[in-house]
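A.B. asks: Next comes my_file32.txt, compact mmCIF, N, CA and C atoms:
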```txt
# COMPACT_ATOMS: atom_id res chain seq x y z
N MET T 1 0.84 -1.19 0.00
CA MET T 1 0.00 0.00 0.00
C MET T 1 0.89 1.25 0.00
N LEU T 2 0.54 2.18 -0.85
CA LEU T 2 1.30 3.42 -0.95
C LEU T 2 0.98 4.36 0.20
N PRO T 3 1.95 5.14 0.66
CA PRO T 3 1.65 6.19 1.64
C PRO T 3 0.61 7.15 1.06
N ALA T 4 -0.24 7.68 1.92
CA ALA T 4 -1.35 8.53 1.47
C ALA T 4 -0.88 9.69 0.60
N VAL T 5 0.21 10.36 0.97
CA VAL T 5 0.66 11.51 0.19
C VAL T 5 1.09 11.11 -1.22
N VAL T 6 1.65 9.93 -1.37
CA VAL T 6 2.05 9.45 -2.70
C VAL T 6 0.80 9.16 -3.53
N GLN T 7 -0.18 8.52 -2.94
CA GLN T 7 -1.42 8.24 -3.68
C GLN T 7 -2.13 9.53 -4.07
N HIS T 8 -2.17 10.50 -3.17
CA HIS T 8 -2.79 11.81 -3.48
C HIS T 8 -2.05 12.49 -4.63
N TYR T 9 -0.72 12.40 -4.60
CA TYR T 9 0.11 13.00 -5.65
C TYR T 9 -0.20 12.36 -7.01
N LEU T 10 -0.24 11.04 -7.06
CA LEU T 10 -0.53 10.35 -8.31
C LEU T 10 -1.93 10.67 -8.82
N ASP T 11 -2.90 10.69 -7.91
CA ASP T 11 -4.27 11.01 -8.30
C ASP T 11 -4.36 12.43 -8.86
N ALA T 12 -3.70 13.37 -8.20
CA ALA T 12 -3.70 14.77 -8.65
C ALA T 12 -3.03 14.89 -10.02
N TYR T 13 -1.91 14.18 -10.19
CA TYR T 13 -1.21 14.19 -11.48
C TYR T 13 -2.15 13.71 -12.60
N ASN T 14 -2.81 12.60 -12.36
CA ASN T 14 -3.68 12.01 -13.38
C ASN T 14 -4.89 12.90 -13.67
N ARG T 15 -5.33 13.70 -12.72
CA ARG T 15 -6.44 14.64 -12.93
C ARG T 15 -5.97 15.96 -13.53
N LYS T 16 -4.65 16.13 -13.64
CA LYS T 16 -4.04 17.40 -14.07
C LYS T 16 -4.45 18.53 -13.12
N ASP T 17 -4.43 18.25 -11.83
CA ASP T 17 -4.82 19.20 -10.78
C ASP T 17 -3.57 19.76 -10.13
N ALA T 18 -3.08 20.87 -10.68
CA ALA T 18 -1.81 21.45 -10.20
C ALA T 18 -1.88 21.85 -8.74
N ALA T 19 -2.99 22.43 -8.29
CA ALA T 19 -3.11 22.86 -6.89
C ALA T 19 -3.00 21.67 -5.94
N ALA T 20 -3.63 20.56 -6.30
CA ALA T 20 -3.57 19.36 -5.46
C ALA T 20 -2.16 18.76 -5.46
N LEU T 21 -1.45 18.83 -6.60
CA LEU T 21 -0.06 18.39 -6.65
C LEU T 21 0.79 19.20 -5.68
N VAL T 22 0.64 20.50 -5.74
CA VAL T 22 1.43 21.41 -4.89
C VAL T 22 1.13 21.16 -3.42
N ALA T 23 -0.10 20.81 -3.09
CA ALA T 23 -0.47 20.54 -1.70
C ALA T 23 0.28 19.32 -1.14
N CYS T 24 0.79 18.48 -2.01
CA CYS T 24 1.50 17.26 -1.58
C CYS T 24 2.97 17.50 -1.27
N VAL T 25 3.52 18.65 -1.65
CA VAL T 25 4.96 18.84 -1.55
C VAL T 25 5.34 19.78 -0.41
N ASP T 26 6.54 19.57 0.10
CA ASP T 26 7.15 20.40 1.14
C ASP T 26 7.59 21.74 0.55
N ASP T 27 7.72 22.75 1.38
CA ASP T 27 8.17 24.07 0.93
C ASP T 27 9.53 24.01 0.24
N ALA T 28 10.39 23.09 0.68
CA ALA T 28 11.75 22.99 0.14
C ALA T 28 11.90 21.79 -0.80
N VAL T 29 10.82 21.38 -1.45
CA VAL T 29 10.86 20.21 -2.32
C VAL T 29 11.94 20.35 -3.40
N VAL T 30 12.56 19.24 -3.73
CA VAL T 30 13.48 19.16 -4.86
C VAL T 30 12.82 18.21 -5.86
N PHE T 31 12.66 18.69 -7.10
CA PHE T 31 12.05 17.89 -8.16
C PHE T 31 13.04 17.77 -9.30
N GLU T 32 13.25 16.53 -9.74
CA GLU T 32 14.13 16.28 -10.88
C GLU T 32 13.41 15.38 -11.87
N ASN T 33 13.55 15.69 -13.14
CA ASN T 33 13.05 14.84 -14.19
C ASN T 33 14.22 14.55 -15.10
N VAL T 34 14.62 13.29 -15.13
CA VAL T 34 15.77 12.86 -15.93
C VAL T 34 15.22 12.07 -17.11
N SER T 35 15.49 12.58 -18.33
CA SER T 35 14.92 11.98 -19.52
C SER T 35 16.01 11.47 -20.45
N ASN T 36 15.79 10.29 -21.01
CA ASN T 36 16.69 9.78 -22.03
C ASN T 36 16.69 10.66 -23.27
N ALA T 37 15.63 11.44 -23.44
CA ALA T 37 15.53 12.33 -24.60
C ALA T 37 16.41 13.57 -24.43
N GLY T 38 17.04 13.71 -23.26
CA GLY T 38 17.98 14.80 -23.05
C GLY T 38 17.37 16.09 -22.53
N GLN T 39 16.13 16.06 -22.07
CA GLN T 39 15.48 17.27 -21.58
C GLN T 39 15.29 17.20 -20.06
N SER T 40 16.38 16.98 -19.36
CA SER T 40 16.33 16.85 -17.90
C SER T 40 16.18 18.22 -17.25
N ILE T 41 15.47 18.24 -16.11
CA ILE T 41 15.32 19.48 -15.36
C ILE T 41 15.50 19.19 -13.87
N ARG T 42 15.83 20.25 -13.12
CA ARG T 42 15.91 20.17 -11.66
C ARG T 42 15.44 21.51 -11.12
N ILE T 43 14.48 21.47 -10.21
CA ILE T 43 13.99 22.68 -9.57
C ILE T 43 13.96 22.48 -8.06
N GLU T 44 13.99 23.58 -7.35
CA GLU T 44 13.92 23.54 -5.89
C GLU T 44 12.87 24.52 -5.40
N GLY T 45 12.10 24.10 -4.40
CA GLY T 45 11.13 24.96 -3.75
C GLY T 45 9.72 24.80 -4.27
N ARG T 46 8.79 25.04 -3.37
CA ARG T 46 7.37 24.88 -3.68
C ARG T 46 6.90 25.84 -4.78
N ALA T 47 7.39 27.09 -4.76
CA ALA T 47 6.95 28.07 -5.77
C ALA T 47 7.37 27.62 -7.17
N ALA T 48 8.60 27.17 -7.32
CA ALA T 48 9.08 26.70 -8.62
C ALA T 48 8.33 25.44 -9.04
N PHE T 49 8.04 24.56 -8.08
CA PHE T 49 7.28 23.35 -8.38
C PHE T 49 5.87 23.72 -8.84
N ALA T 50 5.25 24.69 -8.17
CA ALA T 50 3.89 25.11 -8.54
C ALA T 50 3.86 25.66 -9.96
N GLU T 51 4.86 26.45 -10.32
CA GLU T 51 4.94 27.01 -11.67
C GLU T 51 5.07 25.89 -12.70
N LEU T 52 5.95 24.94 -12.44
CA LEU T 52 6.15 23.82 -13.34
C LEU T 52 4.88 22.97 -13.44
N ALA T 53 4.25 22.69 -12.33
CA ALA T 53 3.04 21.86 -12.32
C ALA T 53 1.92 22.51 -13.12
N GLU T 54 1.77 23.81 -12.98
CA GLU T 54 0.73 24.54 -13.71
C GLU T 54 1.01 24.52 -15.21
N ARG T 55 2.26 24.77 -15.58
CA ARG T 55 2.64 24.77 -17.00
C ARG T 55 2.44 23.38 -17.61
N ALA T 56 2.82 22.34 -16.86
CA ALA T 56 2.75 20.96 -17.37
C ALA T 56 1.31 20.54 -17.67
N THR T 57 0.34 21.08 -16.94
CA THR T 57 -1.05 20.69 -17.18
C THR T 57 -1.53 21.13 -18.56
N THR T 58 -0.88 22.14 -19.14
CA THR T 58 -1.30 22.64 -20.45
C THR T 58 -0.62 21.90 -21.60
N LEU T 59 0.44 21.16 -21.32
CA LEU T 59 1.22 20.51 -22.37
C LEU T 59 0.56 19.24 -22.91
N PHE T 60 -0.27 18.60 -22.08
CA PHE T 60 -0.86 17.33 -22.47
C PHE T 60 -2.39 17.39 -22.36
N ALA T 61 -3.05 16.91 -23.41
CA ALA T 61 -4.51 16.82 -23.38
C ALA T 61 -4.92 15.78 -22.33
N THR T 62 -4.18 14.68 -22.29
CA THR T 62 -4.37 13.67 -21.25
C THR T 62 -2.99 13.17 -20.83
N ARG T 63 -2.92 12.69 -19.60
CA ARG T 63 -1.70 12.06 -19.09
C ARG T 63 -2.10 11.16 -17.93
N HIS T 64 -1.39 10.05 -17.81
CA HIS T 64 -1.76 9.11 -16.76
C HIS T 64 -0.54 8.30 -16.33
N GLN T 65 -0.34 8.22 -15.03
CA GLN T 65 0.69 7.36 -14.46
C GLN T 65 0.00 6.19 -13.79
N ALA T 66 0.40 4.98 -14.17
CA ALA T 66 -0.11 3.77 -13.53
C ALA T 66 1.08 3.07 -12.87
N VAL T 67 0.92 2.74 -11.60
CA VAL T 67 2.00 2.08 -10.86
C VAL T 67 2.04 0.61 -11.24
N ARG T 68 3.17 0.19 -11.76
CA ARG T 68 3.40 -1.21 -12.12
C ARG T 68 3.94 -1.95 -10.90
N THR T 69 4.93 -1.36 -10.23
CA THR T 69 5.57 -1.95 -9.06
C THR T 69 5.88 -0.84 -8.07
N ALA T 70 5.74 -1.13 -6.78
CA ALA T 70 6.07 -0.14 -5.75
C ALA T 70 6.89 -0.81 -4.65
N VAL T 71 7.90 -0.10 -4.20
CA VAL T 71 8.68 -0.54 -3.05
C VAL T 71 8.65 0.62 -2.05
N VAL T 72 8.18 0.33 -0.85
CA VAL T 72 8.08 1.36 0.19
C VAL T 72 8.95 0.93 1.36
N GLN T 73 9.85 1.80 1.76
CA GLN T 73 10.68 1.53 2.93
C GLN T 73 10.80 2.82 3.72
N ASP T 74 10.19 2.81 4.89
CA ASP T 74 10.20 3.98 5.78
C ASP T 74 9.69 5.21 5.02
N ASP T 75 10.56 6.21 4.84
CA ASP T 75 10.15 7.47 4.23
C ASP T 75 10.49 7.55 2.74
N ARG T 76 10.81 6.41 2.14
CA ARG T 76 11.20 6.39 0.72
C ARG T 76 10.32 5.43 -0.07
N VAL T 77 10.00 5.88 -1.29
CA VAL T 77 9.13 5.10 -2.16
C VAL T 77 9.77 5.05 -3.54
N ALA T 78 9.85 3.86 -4.11
CA ALA T 78 10.31 3.68 -5.49
C ALA T 78 9.16 3.09 -6.29
N LEU T 79 8.87 3.70 -7.43
CA LEU T 79 7.76 3.27 -8.26
C LEU T 79 8.24 2.96 -9.67
N GLU T 80 7.78 1.86 -10.23
CA GLU T 80 7.93 1.61 -11.66
C GLU T 80 6.60 2.05 -12.27
N ILE T 81 6.69 2.95 -13.24
CA ILE T 81 5.50 3.61 -13.77
C ILE T 81 5.30 3.29 -15.25
N ASP T 82 4.04 3.02 -15.62
CA ASP T 82 3.64 3.02 -17.02
C ASP T 82 2.96 4.37 -17.25
N TRP T 83 3.53 5.16 -18.16
CA TRP T 83 3.03 6.51 -18.41
C TRP T 83 2.43 6.57 -19.81
N THR T 84 1.24 7.14 -19.91
CA THR T 84 0.60 7.37 -21.20
C THR T 84 0.13 8.82 -21.26
N GLY T 85 0.11 9.36 -22.45
CA GLY T 85 -0.37 10.72 -22.61
C GLY T 85 -0.57 11.08 -24.06
N ILE T 86 -1.25 12.20 -24.26
CA ILE T 86 -1.46 12.76 -25.59
C ILE T 86 -1.08 14.23 -25.51
N PRO T 87 -0.03 14.65 -26.21
CA PRO T 87 0.37 16.06 -26.19
C PRO T 87 -0.74 16.96 -26.73
N ALA T 88 -0.93 18.09 -26.08
CA ALA T 88 -1.88 19.09 -26.54
C ALA T 88 -1.24 19.99 -27.61
N ILE T 89 0.10 20.05 -27.59
CA ILE T 89 0.86 20.85 -28.54
C ILE T 89 2.06 20.02 -29.01
N ASP T 90 2.67 20.43 -30.10
CA ASP T 90 3.90 19.76 -30.53
C ASP T 90 4.99 20.01 -29.49
N LEU T 91 5.65 18.94 -29.08
CA LEU T 91 6.74 19.01 -28.11
C LEU T 91 7.96 18.33 -28.72
N GLY T 92 8.68 19.07 -29.55
CA GLY T 92 9.82 18.48 -30.23
C GLY T 92 9.34 17.38 -31.17
N GLN T 93 9.85 16.16 -30.96
CA GLN T 93 9.45 15.04 -31.82
C GLN T 93 8.06 14.51 -31.48
N LEU T 94 7.53 14.89 -30.34
CA LEU T 94 6.19 14.46 -29.95
C LEU T 94 5.18 15.40 -30.59
N LYS T 95 4.25 14.85 -31.36
CA LYS T 95 3.29 15.66 -32.10
C LYS T 95 1.95 15.71 -31.38
N ALA T 96 1.33 16.88 -31.42
CA ALA T 96 0.02 17.07 -30.80
C ALA T 96 -0.95 16.02 -31.31
N GLY T 97 -1.69 15.43 -30.37
CA GLY T 97 -2.72 14.47 -30.72
C GLY T 97 -2.25 13.04 -30.89
N GLU T 98 -0.93 12.80 -30.93
CA GLU T 98 -0.41 11.44 -31.10
C GLU T 98 -0.14 10.80 -29.75
N PRO T 99 -0.79 9.67 -29.45
CA PRO T 99 -0.60 9.01 -28.15
C PRO T 99 0.85 8.58 -27.93
N ILE T 100 1.29 8.67 -26.69
CA ILE T 100 2.63 8.26 -26.28
C ILE T 100 2.47 7.28 -25.12
N ALA T 101 3.36 6.31 -25.07
CA ALA T 101 3.42 5.39 -23.93
C ALA T 101 4.89 5.14 -23.61
N MET T 102 5.22 5.16 -22.35
CA MET T 102 6.59 4.86 -21.94
C MET T 102 6.60 4.30 -20.53
N ARG T 103 7.70 3.66 -20.20
CA ARG T 103 7.88 3.15 -18.85
C ARG T 103 8.95 3.99 -18.18
N GLY T 104 8.76 4.27 -16.92
CA GLY T 104 9.73 5.06 -16.17
C GLY T 104 9.75 4.64 -14.71
N ALA T 105 10.46 5.44 -13.94
CA ALA T 105 10.56 5.19 -12.51
C ALA T 105 10.48 6.51 -11.77
N SER T 106 9.93 6.47 -10.59
CA SER T 106 9.87 7.64 -9.71
C SER T 106 10.39 7.24 -8.34
N PHE T 107 11.19 8.12 -7.77
CA PHE T 107 11.74 7.92 -6.44
C PHE T 107 11.32 9.10 -5.59
N LEU T 108 10.62 8.83 -4.50
CA LEU T 108 10.05 9.88 -3.67
C LEU T 108 10.52 9.74 -2.23
N THR T 109 10.74 10.90 -1.60
CA THR T 109 11.10 10.94 -0.19
C THR T 109 10.03 11.75 0.54
N ILE T 110 9.63 11.27 1.70
CA ILE T 110 8.55 11.88 2.48
C ILE T 110 9.07 12.31 3.84
N ALA T 111 8.65 13.49 4.29
CA ALA T 111 8.91 13.94 5.66
C ALA T 111 7.70 14.72 6.14
N ASP T 112 7.25 14.42 7.33
CA ASP T 112 6.09 15.11 7.93
C ASP T 112 4.89 15.14 7.00
N GLY T 113 4.66 14.03 6.28
CA GLY T 113 3.48 13.91 5.44
C GLY T 113 3.54 14.64 4.12
N LYS T 114 4.70 15.18 3.76
CA LYS T 114 4.87 15.90 2.49
C LYS T 114 6.01 15.29 1.69
N LEU T 115 5.95 15.45 0.39
CA LEU T 115 7.04 14.98 -0.47
C LEU T 115 8.16 16.02 -0.45
N THR T 116 9.36 15.56 -0.10
CA THR T 116 10.50 16.48 -0.02
C THR T 116 11.42 16.33 -1.23
N ARG T 117 11.35 15.20 -1.89
CA ARG T 117 12.17 14.96 -3.07
C ARG T 117 11.41 14.04 -4.01
N ILE T 118 11.41 14.42 -5.30
CA ILE T 118 10.76 13.63 -6.35
C ILE T 118 11.74 13.54 -7.50
N VAL T 119 12.10 12.33 -7.87
CA VAL T 119 12.99 12.12 -9.02
C VAL T 119 12.26 11.20 -9.99
N ASP T 120 11.94 11.74 -11.16
CA ASP T 120 11.28 10.97 -12.21
C ASP T 120 12.31 10.65 -13.29
N ILE T 121 12.36 9.39 -13.70
CA ILE T 121 13.29 8.95 -14.72
C ILE T 121 12.51 8.29 -15.85
N SER T 122 12.74 8.76 -17.06
CA SER T 122 12.04 8.17 -18.23
C SER T 122 12.97 8.13 -19.42
```
Mind turning this structure into C-alpha cells?
C.D. replies:
Amino acid sequence: MLPAVVQHYLDAYNRKDAAALVACVDDAVVFENVSNAGQSIRIEGRAAFAELAERATTLFATRHQAVRTAVVQDDRVALEIDWTGIPAIDLGQLKAGEPIAMRGASFLTIADGKLTRIVDIS
C-alpha cells in the first residue's frame, strides 16, 4: 500500500490538478526529471514546483501514471510507472494528438506527510 501523500500525488497528477499536486509537496521540495531524450530538469522549492506543475497541465490533453511496481521503505518510495499521454501541442518530436506510452521510474522521499524529493526517470 502506498503512503497517502504518494497516492494523493498520483491522483492529482492524473487529474491534471496542479493545486492538489502542490499541496502534496514540502516548501523545500526538490524535483528532478531525468529523460533519455535529453530534456532533464531540476527545480527547488514549492513556488518553482507550482509554476512547473501549472505549465505541465497545459502541455498534455491527457496524461496518466499507472503504478506497475512499488517498493516502500520507511520514508522512501520507489515506483515503476507506465506513463501514457497525448500532447496538446507539438513538443519536439512528440506531435500534438499522437498518443505516447513509456515506462519510467519515480523515487520519492517523504517527511512530515509531504514529499521532499521527487525524481522521475524516463
A.B. asks: Take atom C of Pro87 of chain T and atom C of Ile100 of chain T and report the distance between them in Å, one decimal.
C.D. replies: 10.3 Å
A.B. asks: In Å, with one decimal, what is the gap from atom CA of Met102 of chain T to atom CA of Phe60 of chain T?
C.D. replies: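 Atom CA of Met102 of chain T sits 14.5 Å away from atom CA of Phe60 of chain T.
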A.B. asks: Could you give me the residues within segment 11-118 of chain T that DSSP places in strand (DSSP E or B), as a ChimeraX atom specification?
C.D. replies: /T:25-34,41-44,60-73,76-87,91,94,100-111,114-118
A.B. asks: List every residue of segment 20-66 of chain T that has an atom at most 6.5 Å from any atom of segment 79-85 of chain T, and for each one report the closest atom pair and its distance in Å to one decimal, counting only N, CA and C atoms, with rows sorted by chain and then by increasing residue number, as JSON lines.
C.D. replies:
```
{"residue": "T:Phe60", "atom": "CA", "partner": "T:Gly85", "partner_atom": "C", "distance": 6.5}
{"residue": "T:Ala61", "atom": "N", "partner": "T:Gly85", "partner_atom": "C", "distance": 6.4}
{"residue": "T:Thr62", "atom": "C", "partner": "T:Gly85", "partner_atom": "CA", "distance": 4.0}
{"residue": "T:Arg63", "atom": "CA", "partner": "T:Gly85", "partner_atom": "CA", "distance": 4.0}
{"residue": "T:His64", "atom": "N", "partner": "T:Thr84", "partner_atom": "C", "distance": 4.0}
{"residue": "T:Gln65", "atom": "CA", "partner": "T:Trp83", "partner_atom": "CA", "distance": 4.7}
{"residue": "T:Ala66", "atom": "C", "partner": "T:Asp82", "partner_atom": "N", "distance": 4.0}
```
A.B. asks: What is the distance between atom C of Ala111 of chain T and atom N of Cys24 of chain T, in Å to one decimal?
C.D. replies: 11.3 Å
A.B. asks: Please report as a Markdown table every residue of segment 1-48 of chain T lying within 5 Å of segment 113-121 of chain T, along with the nearest atom pair and their distance in Å (one decimal), using all atoms listed in the file.
C.D. replies:
```
| residue | atom | partner | partner_atom | distance |
| --- | --- | --- | --- | --- |
| T:Cys24 | C | T:Leu115 | N | 4.0 |
| T:Val25 | CA | T:Leu115 | N | 4.0 |
| T:Asp26 | N | T:Leu115 | C | 3.9 |
| T:Val29 | CA | T:Thr116 | C | 4.1 |
| T:Val30 | N | T:Thr116 | C | 4.0 |
| T:Phe31 | CA | T:Ile118 | C | 4.4 |
| T:Glu32 | C | T:Asp120 | N | 4.0 |
| T:Asn33 | CA | T:Asp120 | C | 4.3 |
| T:Val34 | N | T:Asp120 | C | 4.0 |
```
A.B. asks: Out of T:Ala28, T:Val72, T:Ala53, T:Val67, which residue has the shortest atom-to-atom distance to Tyr13 of chain T when counting only C-alpha atoms?
C.D. replies: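 Of T:Ala28, T:Val72, T:Ala53, T:Val67, the one nearest Tyr13 of chain T is T:Ala53, counting only C-alpha atoms.
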A.B. asks: Given 4 Å of margin on each side, can you work out the centre and size in Å (one decimal) of an axis-aligned box holding every listed atom of segment 49-62 of chain T, as JSON?
C.D. replies:
```
{"center_x": 1.6, "center_y": 20.1, "center_z": -15.7, "size_x": 21.0, "size_y": 21.8, "size_z": 23.3}
```
A.B. asks: From the structure block, carefully write segment 107-118 of chain T out with all heavy atoms; format it as a PDB file, in the first residue's frame.
C.D. replies:
```
ATOM      1  N   PHE T 107      11.189   8.120  -7.771  1.00  0.00           N
ATOM      2  CA  PHE T 107      11.741   7.915  -6.439  1.00  0.00           C
ATOM      3  C   PHE T 107      11.315   9.103  -5.593  1.00  0.00           C
ATOM      4  O   PHE T 107      11.604  10.248  -5.946  1.00  0.00           O
ATOM      5  CB  PHE T 107      13.268   7.784  -6.509  1.00  0.00           C
ATOM      6  CG  PHE T 107      13.702   6.653  -7.389  1.00  0.00           C
ATOM      7  CD1 PHE T 107      13.949   6.852  -8.737  1.00  0.00           C
ATOM      8  CD2 PHE T 107      13.823   5.368  -6.876  1.00  0.00           C
ATOM      9  CE1 PHE T 107      14.325   5.800  -9.563  1.00  0.00           C
ATOM     10  CE2 PHE T 107      14.189   4.309  -7.698  1.00  0.00           C
ATOM     11  CZ  PHE T 107      14.442   4.528  -9.039  1.00  0.00           C
ATOM     12  N   LEU T 108      10.619   8.826  -4.495  1.00  0.00           N
ATOM     13  CA  LEU T 108      10.050   9.884  -3.673  1.00  0.00           C
ATOM     14  C   LEU T 108      10.516   9.744  -2.233  1.00  0.00           C
ATOM     15  O   LEU T 108      10.637   8.630  -1.721  1.00  0.00           O
ATOM     16  CB  LEU T 108       8.522   9.817  -3.724  1.00  0.00           C
ATOM     17  CG  LEU T 108       7.936   9.848  -5.135  1.00  0.00           C
ATOM     18  CD1 LEU T 108       7.436   8.477  -5.516  1.00  0.00           C
ATOM     19  CD2 LEU T 108       6.843  10.856  -5.250  1.00  0.00           C
ATOM     20  N   THR T 109      10.738  10.896  -1.603  1.00  0.00           N
ATOM     21  CA  THR T 109      11.098  10.936  -0.191  1.00  0.00           C
ATOM     22  C   THR T 109      10.032  11.746   0.536  1.00  0.00           C
ATOM     23  O   THR T 109       9.609  12.805   0.052  1.00  0.00           O
ATOM     24  CB  THR T 109      12.488  11.576   0.007  1.00  0.00           C
ATOM     25  OG1 THR T 109      13.433  10.866  -0.803  1.00  0.00           O
ATOM     26  CG2 THR T 109      12.923  11.506   1.459  1.00  0.00           C
ATOM     27  N   ILE T 110       9.630  11.269   1.699  1.00  0.00           N
ATOM     28  CA  ILE T 110       8.546  11.877   2.477  1.00  0.00           C
ATOM     29  C   ILE T 110       9.075  12.307   3.840  1.00  0.00           C
ATOM     30  O   ILE T 110       9.844  11.583   4.471  1.00  0.00           O
ATOM     31  CB  ILE T 110       7.402  10.863   2.696  1.00  0.00           C
ATOM     32  CG1 ILE T 110       6.898  10.324   1.357  1.00  0.00           C
ATOM     33  CG2 ILE T 110       6.268  11.482   3.517  1.00  0.00           C
ATOM     34  CD1 ILE T 110       6.036   9.072   1.491  1.00  0.00           C
ATOM     35  N   ALA T 111       8.651  13.487   4.285  1.00  0.00           N
ATOM     36  CA  ALA T 111       8.914  13.941   5.657  1.00  0.00           C
ATOM     37  C   ALA T 111       7.696  14.718   6.136  1.00  0.00           C
ATOM     38  O   ALA T 111       7.160  15.568   5.408  1.00  0.00           O
ATOM     39  CB  ALA T 111      10.167  14.818   5.715  1.00  0.00           C
ATOM     40  N   ASP T 112       7.248  14.422   7.333  1.00  0.00           N
ATOM     41  CA  ASP T 112       6.093  15.114   7.931  1.00  0.00           C
ATOM     42  C   ASP T 112       4.888  15.135   7.003  1.00  0.00           C
ATOM     43  O   ASP T 112       4.181  16.136   6.894  1.00  0.00           O
ATOM     44  CB  ASP T 112       6.480  16.541   8.339  1.00  0.00           C
ATOM     45  CG  ASP T 112       7.570  16.560   9.393  1.00  0.00           C
ATOM     46  OD1 ASP T 112       7.555  15.669  10.276  1.00  0.00           O
ATOM     47  OD2 ASP T 112       8.452  17.442   9.327  1.00  0.00           O
ATOM     48  N   GLY T 113       4.657  14.026   6.280  1.00  0.00           N
ATOM     49  CA  GLY T 113       3.476  13.905   5.444  1.00  0.00           C
ATOM     50  C   GLY T 113       3.540  14.639   4.118  1.00  0.00           C
ATOM     51  O   GLY T 113       2.533  14.711   3.411  1.00  0.00           O
ATOM     52  N   LYS T 114       4.702  15.178   3.758  1.00  0.00           N
ATOM     53  CA  LYS T 114       4.868  15.905   2.490  1.00  0.00           C
ATOM     54  C   LYS T 114       6.010  15.291   1.694  1.00  0.00           C
ATOM     55  O   LYS T 114       6.948  14.719   2.254  1.00  0.00           O
ATOM     56  CB  LYS T 114       5.190  17.388   2.745  1.00  0.00           C
ATOM     57  CG  LYS T 114       4.115  18.151   3.484  1.00  0.00           C
ATOM     58  CD  LYS T 114       2.940  18.431   2.590  1.00  0.00           C
ATOM     59  CE  LYS T 114       1.905  19.280   3.322  1.00  0.00           C
ATOM     60  NZ  LYS T 114       0.733  19.526   2.508  1.00  0.00           N
ATOM     61  N   LEU T 115       5.954  15.446   0.388  1.00  0.00           N
ATOM     62  CA  LEU T 115       7.038  14.983  -0.471  1.00  0.00           C
ATOM     63  C   LEU T 115       8.157  16.016  -0.447  1.00  0.00           C
ATOM     64  O   LEU T 115       7.924  17.190  -0.726  1.00  0.00           O
ATOM     65  CB  LEU T 115       6.538  14.783  -1.900  1.00  0.00           C
ATOM     66  CG  LEU T 115       5.438  13.731  -2.055  1.00  0.00           C
ATOM     67  CD1 LEU T 115       4.873  13.742  -3.463  1.00  0.00           C
ATOM     68  CD2 LEU T 115       5.949  12.356  -1.684  1.00  0.00           C
ATOM     69  N   THR T 116       9.357  15.561  -0.098  1.00  0.00           N
ATOM     70  CA  THR T 116      10.503  16.480  -0.024  1.00  0.00           C
ATOM     71  C   THR T 116      11.419  16.334  -1.230  1.00  0.00           C
ATOM     72  O   THR T 116      12.205  17.232  -1.524  1.00  0.00           O
ATOM     73  CB  THR T 116      11.327  16.253   1.260  1.00  0.00           C
ATOM     74  OG1 THR T 116      11.776  14.893   1.280  1.00  0.00           O
ATOM     75  CG2 THR T 116      10.484  16.545   2.499  1.00  0.00           C
ATOM     76  N   ARG T 117      11.348  15.196  -1.889  1.00  0.00           N
ATOM     77  CA  ARG T 117      12.170  14.957  -3.075  1.00  0.00           C
ATOM     78  C   ARG T 117      11.411  14.041  -4.008  1.00  0.00           C
ATOM     79  O   ARG T 117      10.852  13.020  -3.589  1.00  0.00           O
ATOM     80  CB  ARG T 117      13.499  14.331  -2.686  1.00  0.00           C
ATOM     81  CG  ARG T 117      14.456  14.142  -3.852  1.00  0.00           C
ATOM     82  CD  ARG T 117      15.827  13.665  -3.354  1.00  0.00           C
ATOM     83  NE  ARG T 117      16.760  13.560  -4.429  1.00  0.00           N
ATOM     84  CZ  ARG T 117      17.527  14.551  -4.874  1.00  0.00           C
ATOM     85  NH1 ARG T 117      17.473  15.728  -4.298  1.00  0.00           N
ATOM     86  NH2 ARG T 117      18.353  14.375  -5.881  1.00  0.00           N
ATOM     87  N   ILE T 118      11.409  14.420  -5.296  1.00  0.00           N
ATOM     88  CA  ILE T 118      10.758  13.628  -6.346  1.00  0.00           C
ATOM     89  C   ILE T 118      11.743  13.542  -7.499  1.00  0.00           C
ATOM     90  O   ILE T 118      12.193  14.574  -8.015  1.00  0.00           O
ATOM     91  CB  ILE T 118       9.451  14.292  -6.840  1.00  0.00           C
ATOM     92  CG1 ILE T 118       8.481  14.545  -5.685  1.00  0.00           C
ATOM     93  CG2 ILE T 118       8.815  13.452  -7.951  1.00  0.00           C
ATOM     94  CD1 ILE T 118       7.377  15.523  -6.012  1.00  0.00           C
TER      95      ILE T 118
END
```
